[in-house]
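Let me begin by presenting the structure, written as structure tokens, before commenting on it.
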Amino acid sequence: MTMPTAFRRNCYLLLILGALLGAVSSCNKENKEKPGDAAADKSAKSIVIWWFQWAPADGLAELGKEFQAETGIAVNVEQIPLSSYQDKVFLEFGGARTRFDIVVGDSQWIGRGATKGLFVDLTDWFKSVVDLNTIHPRAAKYLCEYPEGSGRWFAAPCETDAVGVAYRKDWFDDAAERVQFKKKYGRELAVPATWDEFKQTAEFFHRPDQKRYGCAMPSDREYDGLTMGVQNLLWAFGGRWHSEENNNVKGFLDTPASAAAVDFFRDLTKLGPKGAERLNYGQVLESFTNGSTAMILNYFAFFPGIYKQFGERVGFAVVPGKDGKRVASLGGQGMSISTKIPPEQQELAKKFIAWFSQRKIQEKWITKPAGFTANTEVLKSTAFRAQTPYNGPFADSVETMRDFWNVPVYNELLAATQRYVGMAVDGEMPTAQALAKLAEEKERILTEAGLLK
Amino acid sequence: MAKTDGGMKWALVAPVLLLLITFNVFPLLYNIVLSFTNAELVGSGSRTVGGANYGRVFADPQFAGALRRTALFVTCAVGAELLLGFSVALALQRAFRGKQAVVTALLVPMMLSPAVIGLFWNLILNGNYGIVNQTLGWLGLPQPQWTTDRDLKFWSILAIDIWMWTPFMMLISLAGLGAIPPSIYEAAEIDRAGRLRVFFKITLPMAAPVLALAVLFRATDALKQFDLVMAVTGPNDSSTQTVSTLIYQIVFRDGKVGLGAAFACVVLVVVVALATVFTRQLDRLRSSEGAP
């Protein structure tokens with residue numbers, strides 16, 4: 001079979017036309033890119049910082065403008081939605097060059113960043129520009145060093161954060177409520193110092209028929225919410241995720257103390273608004289700001305917004321303890337420099353980090369929206385404590401804060417924790433069984449990663 | 001001349017072939033290669049690990065759970081969508097005033113992005129302020145936690161999928177029903193065949209090949225269920241995790257590209273096997289009905 005000549009000619013014409021269109025469009029693209037902008041951009045010094053979308057990132061952007069005024073180096077803080085932040089950052093690291101120069105990475109990322117060659121080793125340089133003694137040892141251990149406490153720095157503190165308690169001071173101060181509380185429990189209504197008191201107080205205020213609830217805590221299953229909520233109780237109750245000495249999990253996690261902490265957490269979720277067994281940080285915040293909840297557990301970085309809305313009607317406190325033991329879940333992030341940028345960009349990034357780490361800048365940082373510092377001199381100062389009602393509890397919380405795993409396989413460990421602890425909280429599996437299975441799963445992950453022998 | 005025609009044929013086919021090789025064949029082969037390595041999302045260098053990844057796939061209870069959940073999802077979703085879609089199509093078979101408007105309105109859910117629908121339904125089903133629970137509360141009825149209760153969240157996602165894709169089944173069913181020659185119904189009427197007899201002897205058998213095709217399309221689509229699960233509960237929920245979200249979790253959250261590739265290969269084999277069995281059944285059905 002042969003094609004008619006006219007048809008064949010039309011086909012050739014179509015092919016030629018297609019090729020021409022392609023050529024014209026690529027020429028246009030080139031022309032669009034040519035005019036001065038790109039060249040000008042290349043000559044202007046600037047750095048790009050990636051952080052997730054929240055108030056402290058706005059504060060960092062404001063400080064960036066001051067840095068630009070001083071040095072001429074522009075700072076672009078790009079805010080990525082939290083839900084996709086981790087995925088985007090690590091996908092970016094999968095390429096030859098990252099679009100960011102500095103990433104404000106979650107504390108748990110540091111092991112992956114350090115061992116996979118993604119974060120620049122700052123050890124020698126950082127101690128030449130900052131007195132390391134001015135950085136709180138817990139912030140250094142969990143936010144900056146890998147392995148923990150090794151003295152090898154892969155990040156500089158940016159936002160130091162911990163879990164604390166926000167409570168309705170006006171409800172606690174209400175005379176009628178105080179009388180009722182004393183009548184019922186035989187003690188004064190006060191900010192709970194222990195988890196038992198916390199539960200009792202939550203029970204007292206839990207009045208669903210009046211759309212008033214006792215407490216709300218992070219319990220989301222998406223990334224780390226449930227883990228960050230539970231671990232405040234786990235450590236206080238004497239449980240542990242693992243042995244920090246040898247990474248063993250069995251015998252440390254699957255214990256009656258850990259199970260008691262998870263069960264206690266599950267009981268507390270019953271004293272919250274509907275769906276309290278699955279609230280992300282924003283929803284916990286919302287349960288408080290909508291005026292329905294007496295107490296919430298959340299990161300201090302969210303508290304300035306609450307204070308702005310409620311003023312003197314809100315109070316802040318450290319997380320409760322048990323049998324004299326109190327541990328706050330660490331939050332916050334450090335600034336790491338990408339290895340996948342040219343050396344001159346790394347130098348600009350270092351300039352910014354050195355500038356940001358100065359005490360005078362840290363003093364400005366704490367005045368920015370939800371800016372919290374790891375600088376020990378600032379934390380100890382009475383001026384800092386007096387500045388806001390949440391600064392004092394924050395400074396106290398820094399002394400007790402601890403973090404989840406930050407090894408390279410943190411995400412597998414986190415996902416397994418979220419899954420099994422979630423099953424226990426949901427009643428899908430008995431707590432002891434869920435923790436035993438979780439311990440087994442974690443040891444498998446750690447063994448495969450060469451972190452457990 | 002014939003030689004020139006051959007060149008022309010290749011010139012016309014080459015772009016398509018090139019696209020297929022670049023975007024289908026190469027990624028497939030590359031995925032198979034990756035599945036035998038310990039490649040990670042970040043960090044350089046990977047080494048061959050033999051069949052270790054496959055060993056992990058078959059030993060992983062999470063994978064078995066996700067596979068079971070996906071199978072249940074496909075069976076329930078496609079079954080319900082077929083039943084509802086075909087029923088609605090039967091109701092719409094006859095001409096009536098405003099039929100086009102009704103059909104258009106019914107098609108709207110299918111036109112929206114699953115991710116957007118997932119987010120919307122998340123709000124609609126929210127335990128505290130969702131419109132469903134607000135209405136139930138107003139009527140004095142219990143207000144279940146649709147997207148957080150461990151016994152309900154899987155079924156909530158299923159219900160959203162059914163709401164979204166029933167119109168697709170309806171549309172295909174309408175096309176199938178429309179293709180049945182009216183003369184056959186006229187003959188049945190002359191023979192005084194009852195409604196049920198007409199349905200089971202004429203309507204259903206003659207629409208069956210088209211319905212089977214629709215089931216194949218929907219089943220392959222439902223097997224990939226990802227968007228709704230991501231939007232409603234996230235990829236790591238033990239009650240709703242499907243095979244696709246499990247692979248996402250492994251590759252993009254844990255960064256284990258090699259292991260994820262092994263999971264994907266196993267899923268591919270399962271899907272291809274199911275699709276082959278199904279298409280053979282479909283061919284048999286078509287030939288037994290004498291369909292073209």
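Ligands are numbered from 1 in the order shown, residues from 1 within each chain, and chains are lettered A, B, ... in the order they appear in the structure tokens.
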
Taking only C-alpha atoms into account, produce a table as a tab-separated table in which each residue of chain B with an atom at most 7 Å from an atom of chain A appears once, together with its shortest atom pair and the distance in Å to one decimal, ordered by chain and rising number.
```
residue	atom	partner	partner_atom	distance
B:Ala2	CA	A:Thr2	CA	6.3
B:Asp5	CA	A:Thr2	CA	6.4
B:Leu41	CA	A:Gly94	CA	5.9
B:Val42	CA	A:Gly94	CA	4.8
B:Gly43	CA	A:Lys116	CA	4.7
B:Gly127	CA	A:Lys274	CA	6.0
B:Asn128	CA	A:Lys274	CA	6.0
B:Gln145	CA	A:Gly275	CA	6.3
B:Thr148	CA	A:Gly275	CA	6.3
B:Arg150	CA	A:Asp426	CA	6.6
B:Gly234	CA	A:Glu222	CA	5.4
B:Asn236	CA	A:Glu222	CA	6.5
B:Asp237	CA	A:Arg419	CA	6.4
B:Ser238	CA	A:Arg419	CA	6.1
B:Phe252	CA	A:Asp87	CA	6.1
B:Arg253	CA	A:Asn411	CA	6.5
B:Asp254	CA	A:Asn411	CA	5.4
```

Keeping only N, CA and C atoms, write the selected residues as a short mmCIF file (atom, residue, chain, number, x, y, z; two decimals), in the first residue's frame.
```cif
data_model
loop_
_atom_site.label_atom_id
_atom_site.label_comp_id
_atom_site.auth_asym_id
_atom_site.auth_seq_id
_atom_site.Cartn_x
_atom_site.Cartn_y
_atom_site.Cartn_z
N ALA B 2 7.81 2.71 -2.26
CA ALA B 2 7.48 1.99 -1.03
C ALA B 2 8.47 2.31 0.07
N ASP B 5 7.59 5.55 1.56
CA ASP B 5 6.44 5.39 2.45
C ASP B 5 6.87 4.83 3.80
N LEU B 41 16.79 8.20 48.48
CA LEU B 41 16.35 9.45 47.84
C LEU B 41 17.46 10.49 47.87
N VAL B 42 18.18 10.56 48.97
CA VAL B 42 19.30 11.49 49.07
C VAL B 42 20.57 10.73 49.40
N GLY B 43 21.68 11.36 49.10
CA GLY B 43 22.96 10.71 49.36
C GLY B 43 23.42 9.98 48.12
N GLY B 127 -15.36 16.35 62.80
CA GLY B 127 -16.16 15.96 63.96
C GLY B 127 -16.75 17.13 64.73
N ASN B 128 -16.07 18.27 64.72
CA ASN B 128 -16.53 19.40 65.52
C ASN B 128 -17.40 20.38 64.74
N GLN B 145 -17.18 10.43 64.78
CA GLN B 145 -15.94 11.05 64.29
C GLN B 145 -15.57 10.37 62.98
N THR B 148 -11.69 10.30 62.09
CA THR B 148 -10.70 9.93 63.11
C THR B 148 -11.02 8.62 63.82
N ARG B 150 -11.35 4.92 64.42
CA ARG B 150 -10.65 3.85 63.70
C ARG B 150 -11.60 2.94 62.93
N GLY B 234 -3.81 10.93 55.70
CA GLY B 234 -2.35 10.89 55.56
C GLY B 234 -1.89 9.48 55.23
N ASN B 236 0.26 7.39 56.66
CA ASN B 236 0.79 6.48 57.68
C ASN B 236 -0.26 6.02 58.68
N ASP B 237 -1.52 5.99 58.25
CA ASP B 237 -2.58 5.60 59.17
C ASP B 237 -2.84 4.10 59.03
N SER B 238 -2.74 3.39 60.13
CA SER B 238 -2.84 1.93 60.06
C SER B 238 -4.22 1.45 59.61
N PHE B 252 9.23 8.56 49.74
CA PHE B 252 9.39 10.00 49.96
C PHE B 252 9.58 10.39 51.42
N ARG B 253 9.08 9.59 52.36
CA ARG B 253 9.27 9.95 53.76
C ARG B 253 10.51 9.25 54.31
N ASP B 254 10.60 7.91 54.04
CA ASP B 254 11.75 7.18 54.57
C ASP B 254 12.97 7.31 53.66
#
```

Any idea what's packed within 10 Å of Met401 (chain A), counting only C-alpha atoms, ignoring anything in its chain fewer than 4 positions away? Could you give it as a VMD selection string?
-> chain A and resid 138 to 139 142 161 to 163 232 326 to 331 396 to 397

Would you mind exporting the chosen residues as a PDB file, in the first residue's frame, restricted to N, CA and C atoms?
```pdb
ATOM      1  N   ARG A 138      21.496  21.700  75.796  1.00  0.00           N
ATOM      2  CA  ARG A 138      20.437  20.828  75.263  1.00  0.00           C
ATOM      3  C   ARG A 138      20.098  21.204  73.814  1.00  0.00           C
ATOM      4  N   ALA A 139      20.136  22.507  73.524  1.00  0.00           N
ATOM      5  CA  ALA A 139      19.901  22.936  72.137  1.00  0.00           C
ATOM      6  C   ALA A 139      21.046  22.448  71.255  1.00  0.00           C
ATOM      7  N   TYR A 142      20.670  18.510  70.750  1.00  0.00           N
ATOM      8  CA  TYR A 142      19.564  17.995  69.941  1.00  0.00           C
ATOM      9  C   TYR A 142      19.340  18.733  68.623  1.00  0.00           C
ATOM     10  N   ASP A 161      12.761  25.580  70.749  1.00  0.00           N
ATOM     11  CA  ASP A 161      11.368  25.505  71.193  1.00  0.00           C
ATOM     12  C   ASP A 161      11.152  24.276  72.075  1.00  0.00           C
ATOM     13  N   ALA A 162      10.121  24.318  72.858  1.00  0.00           N
ATOM     14  CA  ALA A 162       9.770  23.189  73.726  1.00  0.00           C
ATOM     15  C   ALA A 162       8.268  23.209  73.938  1.00  0.00           C
ATOM     16  N   VAL A 163       7.747  22.069  74.379  1.00  0.00           N
ATOM     17  CA  VAL A 163       6.308  22.009  74.655  1.00  0.00           C
ATOM     18  C   VAL A 163       6.038  22.620  76.031  1.00  0.00           C
ATOM     19  N   ASN A 232       6.066  13.677  76.280  1.00  0.00           N
ATOM     20  CA  ASN A 232       6.108  14.473  77.513  1.00  0.00           C
ATOM     21  C   ASN A 232       5.706  13.626  78.715  1.00  0.00           C
ATOM     22  N   ARG A 326      10.206  15.804  85.341  1.00  0.00           N
ATOM     23  CA  ARG A 326       9.494  16.615  84.349  1.00  0.00           C
ATOM     24  C   ARG A 326      10.363  16.754  83.106  1.00  0.00           C
ATOM     25  N   VAL A 327       9.818  16.387  81.969  1.00  0.00           N
ATOM     26  CA  VAL A 327      10.565  16.490  80.713  1.00  0.00           C
ATOM     27  C   VAL A 327       9.664  17.106  79.650  1.00  0.00           C
ATOM     28  N   ALA A 328      10.191  18.105  78.943  1.00  0.00           N
ATOM     29  CA  ALA A 328       9.422  18.743  77.874  1.00  0.00           C
ATOM     30  C   ALA A 328       9.950  18.265  76.529  1.00  0.00           C
ATOM     31  N   SER A 329       9.018  18.001  75.638  1.00  0.00           N
ATOM     32  CA  SER A 329       9.387  17.574  74.293  1.00  0.00           C
ATOM     33  C   SER A 329      10.040  18.743  73.549  1.00  0.00           C
ATOM     34  N   LEU A 330      11.190  18.496  72.973  1.00  0.00           N
ATOM     35  CA  LEU A 330      11.910  19.574  72.267  1.00  0.00           C
ATOM     36  C   LEU A 330      11.257  19.868  70.920  1.00  0.00           C
ATOM     37  N   GLY A 331      11.256  21.123  70.591  1.00  0.00           N
ATOM     38  CA  GLY A 331      10.819  21.516  69.254  1.00  0.00           C
ATOM     39  C   GLY A 331      11.938  22.342  68.656  1.00  0.00           C
ATOM     40  N   ASP A 396      12.492  27.895  81.598  1.00  0.00           N
ATOM     41  CA  ASP A 396      12.517  26.726  82.494  1.00  0.00           C
ATOM     42  C   ASP A 396      12.395  25.426  81.702  1.00  0.00           C
ATOM     43  N   SER A 397      11.603  25.464  80.637  1.00  0.00           N
ATOM     44  CA  SER A 397      11.399  24.247  79.831  1.00  0.00           C
ATOM     45  C   SER A 397      12.667  23.835  79.100  1.00  0.00           C
TER      46      SER A 397
END
```

May I have all residues of region 90-288 of chain A that DSSP, computed from the backbone, assigns to strand (DSSP E), given as a list in words?
-> Ile102, Val103, Val104, Gly105, Asp106, Ala156, Pro157, Cys158, Glu159, Thr160, Asp161, Ala162, Val163, Gly164, Val165, Ala166, Tyr167, Arg168, Tyr213, Gly214, Cys215 and Ala216 of chain A

Please produce a file of those selected residues containing C-alpha atoms, as a PDB file, in the first residue's frame.
```
ATOM      1  CA  ILE A 102      20.196  27.497  54.202  1.00  0.00           C
ATOM      2  CA  VAL A 103      17.510  25.097  55.337  1.00  0.00           C
ATOM      3  CA  VAL A 104      15.933  25.480  58.741  1.00  0.00           C
ATOM      4  CA  GLY A 105      15.537  21.779  59.271  1.00  0.00           C
ATOM      5  CA  ASP A 106      13.603  19.881  61.885  1.00  0.00           C
ATOM      6  CA  ALA A 156      23.378  26.563  64.246  1.00  0.00           C
ATOM      7  CA  PRO A 157      20.418  27.196  66.557  1.00  0.00           C
ATOM      8  CA  CYS A 158      17.638  29.140  64.897  1.00  0.00           C
ATOM      9  CA  GLU A 159      14.337  28.571  66.660  1.00  0.00           C
ATOM     10  CA  THR A 160      14.670  26.805  69.995  1.00  0.00           C
ATOM     11  CA  ASP A 161      11.368  25.505  71.193  1.00  0.00           C
ATOM     12  CA  ALA A 162       9.770  23.189  73.726  1.00  0.00           C
ATOM     13  CA  VAL A 163       6.308  22.009  74.655  1.00  0.00           C
ATOM     14  CA  GLY A 164       4.557  23.994  77.362  1.00  0.00           C
ATOM     15  CA  VAL A 165       1.073  24.517  78.744  1.00  0.00           C
ATOM     16  CA  ALA A 166      -1.315  27.364  77.978  1.00  0.00           C
ATOM     17  CA  TYR A 167      -4.345  27.631  80.259  1.00  0.00           C
ATOM     18  CA  ARG A 168      -7.391  29.835  80.692  1.00  0.00           C
ATOM     19  CA  TYR A 213     -13.462  20.929  77.239  1.00  0.00           C
ATOM     20  CA  GLY A 214     -10.702  19.970  79.643  1.00  0.00           C
ATOM     21  CA  CYS A 215      -7.559  19.717  77.562  1.00  0.00           C
ATOM     22  CA  ALA A 216      -6.114  19.218  74.096  1.00  0.00           C
TER      23      ALA A 216
END
```

Give me every alpha helix (DSSP H) residue in region 42-139 of chain B, going by DSSP on the backbone, as a VMD selection string.
-> chain B and resid 52 to 59 61 to 91 99 to 111 114 to 124 131 to 138

Can those selected residues be exported to a file as a PDB file, in the first residue's frame so that it contains C-alpha atoms?
```pdb
ATOM      1  CA  ALA B  52      16.786  -8.543  49.844  1.00  0.00           C
ATOM      2  CA  ASN B  53      14.209  -5.876  49.033  1.00  0.00           C
ATOM      3  CA  TYR B  54      11.796  -8.495  47.708  1.00  0.00           C
ATOM      4  CA  GLY B  55      12.364 -10.584  50.819  1.00  0.00           C
ATOM      5  CA  ARG B  56      11.383  -7.547  52.868  1.00  0.00           C
ATOM      6  CA  VAL B  57       8.260  -6.953  50.732  1.00  0.00           C
ATOM      7  CA  PHE B  58       6.926 -10.462  51.298  1.00  0.00           C
ATOM      8  CA  ALA B  59       7.803 -10.480  54.996  1.00  0.00           C
ATOM      9  CA  PRO B  61       2.983  -7.303  57.584  1.00  0.00           C
ATOM     10  CA  GLN B  62       2.339  -3.661  56.727  1.00  0.00           C
ATOM     11  CA  PHE B  63       2.406  -4.521  53.020  1.00  0.00           C
ATOM     12  CA  ALA B  64       0.060  -7.470  53.560  1.00  0.00           C
ATOM     13  CA  GLY B  65      -2.288  -5.139  55.467  1.00  0.00           C
ATOM     14  CA  ALA B  66      -2.116  -2.443  52.800  1.00  0.00           C
ATOM     15  CA  LEU B  67      -2.754  -5.034  50.069  1.00  0.00           C
ATOM     16  CA  ARG B  68      -5.783  -6.430  51.918  1.00  0.00           C
ATOM     17  CA  ARG B  69      -7.109  -2.917  52.519  1.00  0.00           C
ATOM     18  CA  THR B  70      -6.621  -1.965  48.870  1.00  0.00           C
ATOM     19  CA  ALA B  71      -8.407  -5.136  47.711  1.00  0.00           C
ATOM     20  CA  LEU B  72     -11.310  -4.404  50.061  1.00  0.00           C
ATOM     21  CA  PHE B  73     -11.389  -0.808  48.847  1.00  0.00           C
ATOM     22  CA  VAL B  74     -11.444  -1.822  45.153  1.00  0.00           C
ATOM     23  CA  THR B  75     -14.123  -4.467  45.692  1.00  0.00           C
ATOM     24  CA  CYS B  76     -16.429  -2.253  47.752  1.00  0.00           C
ATOM     25  CA  ALA B  77     -15.870   0.957  45.804  1.00  0.00           C
ATOM     26  CA  VAL B  78     -16.195  -0.515  42.319  1.00  0.00           C
ATOM     27  CA  GLY B  79     -19.087  -2.768  43.348  1.00  0.00           C
ATOM     28  CA  ALA B  80     -21.064   0.085  44.893  1.00  0.00           C
ATOM     29  CA  GLU B  81     -20.259   2.469  42.058  1.00  0.00           C
ATOM     30  CA  LEU B  82     -21.360  -0.093  39.464  1.00  0.00           C
ATOM     31  CA  LEU B  83     -24.603  -0.814  41.279  1.00  0.00           C
ATOM     32  CA  LEU B  84     -25.452   2.821  41.909  1.00  0.00           C
ATOM     33  CA  GLY B  85     -24.197   4.097  38.559  1.00  0.00           C
ATOM     34  CA  PHE B  86     -26.102   1.482  36.586  1.00  0.00           C
ATOM     35  CA  SER B  87     -29.257   2.072  38.636  1.00  0.00           C
ATOM     36  CA  VAL B  88     -29.112   5.811  38.023  1.00  0.00           C
ATOM     37  CA  ALA B  89     -28.436   5.185  34.315  1.00  0.00           C
ATOM     38  CA  LEU B  90     -31.525   2.953  34.121  1.00  0.00           C
ATOM     39  CA  ALA B  91     -33.550   5.711  35.765  1.00  0.00           C
ATOM     40  CA  LYS B  99     -32.636  15.239  31.417  1.00  0.00           C
ATOM     41  CA  GLN B 100     -29.487  16.938  30.124  1.00  0.00           C
ATOM     42  CA  ALA B 101     -29.372  19.289  33.120  1.00  0.00           C
ATOM     43  CA  VAL B 102     -29.786  16.375  35.540  1.00  0.00           C
ATOM     44  CA  VAL B 103     -27.037  14.361  33.818  1.00  0.00           C
ATOM     45  CA  THR B 104     -24.697  17.374  33.851  1.00  0.00           C
ATOM     46  CA  ALA B 105     -25.348  18.016  37.550  1.00  0.00           C
ATOM     47  CA  LEU B 106     -24.709  14.371  38.377  1.00  0.00           C
ATOM     48  CA  LEU B 107     -21.378  14.481  36.555  1.00  0.00           C
ATOM     49  CA  VAL B 108     -19.957  17.365  38.628  1.00  0.00           C
ATOM     50  CA  PRO B 109     -18.220  15.276  41.359  1.00  0.00           C
ATOM     51  CA  MET B 110     -16.259  13.398  38.731  1.00  0.00           C
ATOM     52  CA  MET B 111     -14.983  16.634  37.197  1.00  0.00           C
ATOM     53  CA  PRO B 114      -9.621  14.127  44.014  1.00  0.00           C
ATOM     54  CA  ALA B 115      -7.183  16.113  46.185  1.00  0.00           C
ATOM     55  CA  VAL B 116      -9.591  19.060  46.347  1.00  0.00           C
ATOM     56  CA  ILE B 117     -12.513  16.729  47.016  1.00  0.00           C
ATOM     57  CA  GLY B 118     -10.537  15.078  49.819  1.00  0.00           C
ATOM     58  CA  LEU B 119      -9.881  18.439  51.461  1.00  0.00           C
ATOM     59  CA  PHE B 120     -13.516  19.512  51.085  1.00  0.00           C
ATOM     60  CA  TRP B 121     -14.828  16.282  52.573  1.00  0.00           C
ATOM     61  CA  ASN B 122     -12.343  16.647  55.396  1.00  0.00           C
ATOM     62  CA  LEU B 123     -14.170  19.844  56.309  1.00  0.00           C
ATOM     63  CA  ILE B 124     -17.623  18.420  55.656  1.00  0.00           C
ATOM     64  CA  ILE B 131     -21.747  20.299  58.289  1.00  0.00           C
ATOM     65  CA  VAL B 132     -22.655  16.600  58.627  1.00  0.00           C
ATOM     66  CA  ASN B 133     -22.157  16.521  62.384  1.00  0.00           C
ATOM     67  CA  GLN B 134     -23.688  19.965  62.814  1.00  0.00           C
ATOM     68  CA  THR B 135     -26.815  18.666  61.095  1.00  0.00           C
ATOM     69  CA  LEU B 136     -26.817  15.441  63.096  1.00  0.00           C
ATOM     70  CA  GLY B 137     -26.422  17.450  66.305  1.00  0.00           C
ATOM     71  CA  TRP B 138     -29.290  19.727  65.299  1.00  0.00           C
TER      72      TRP B 138
END
```
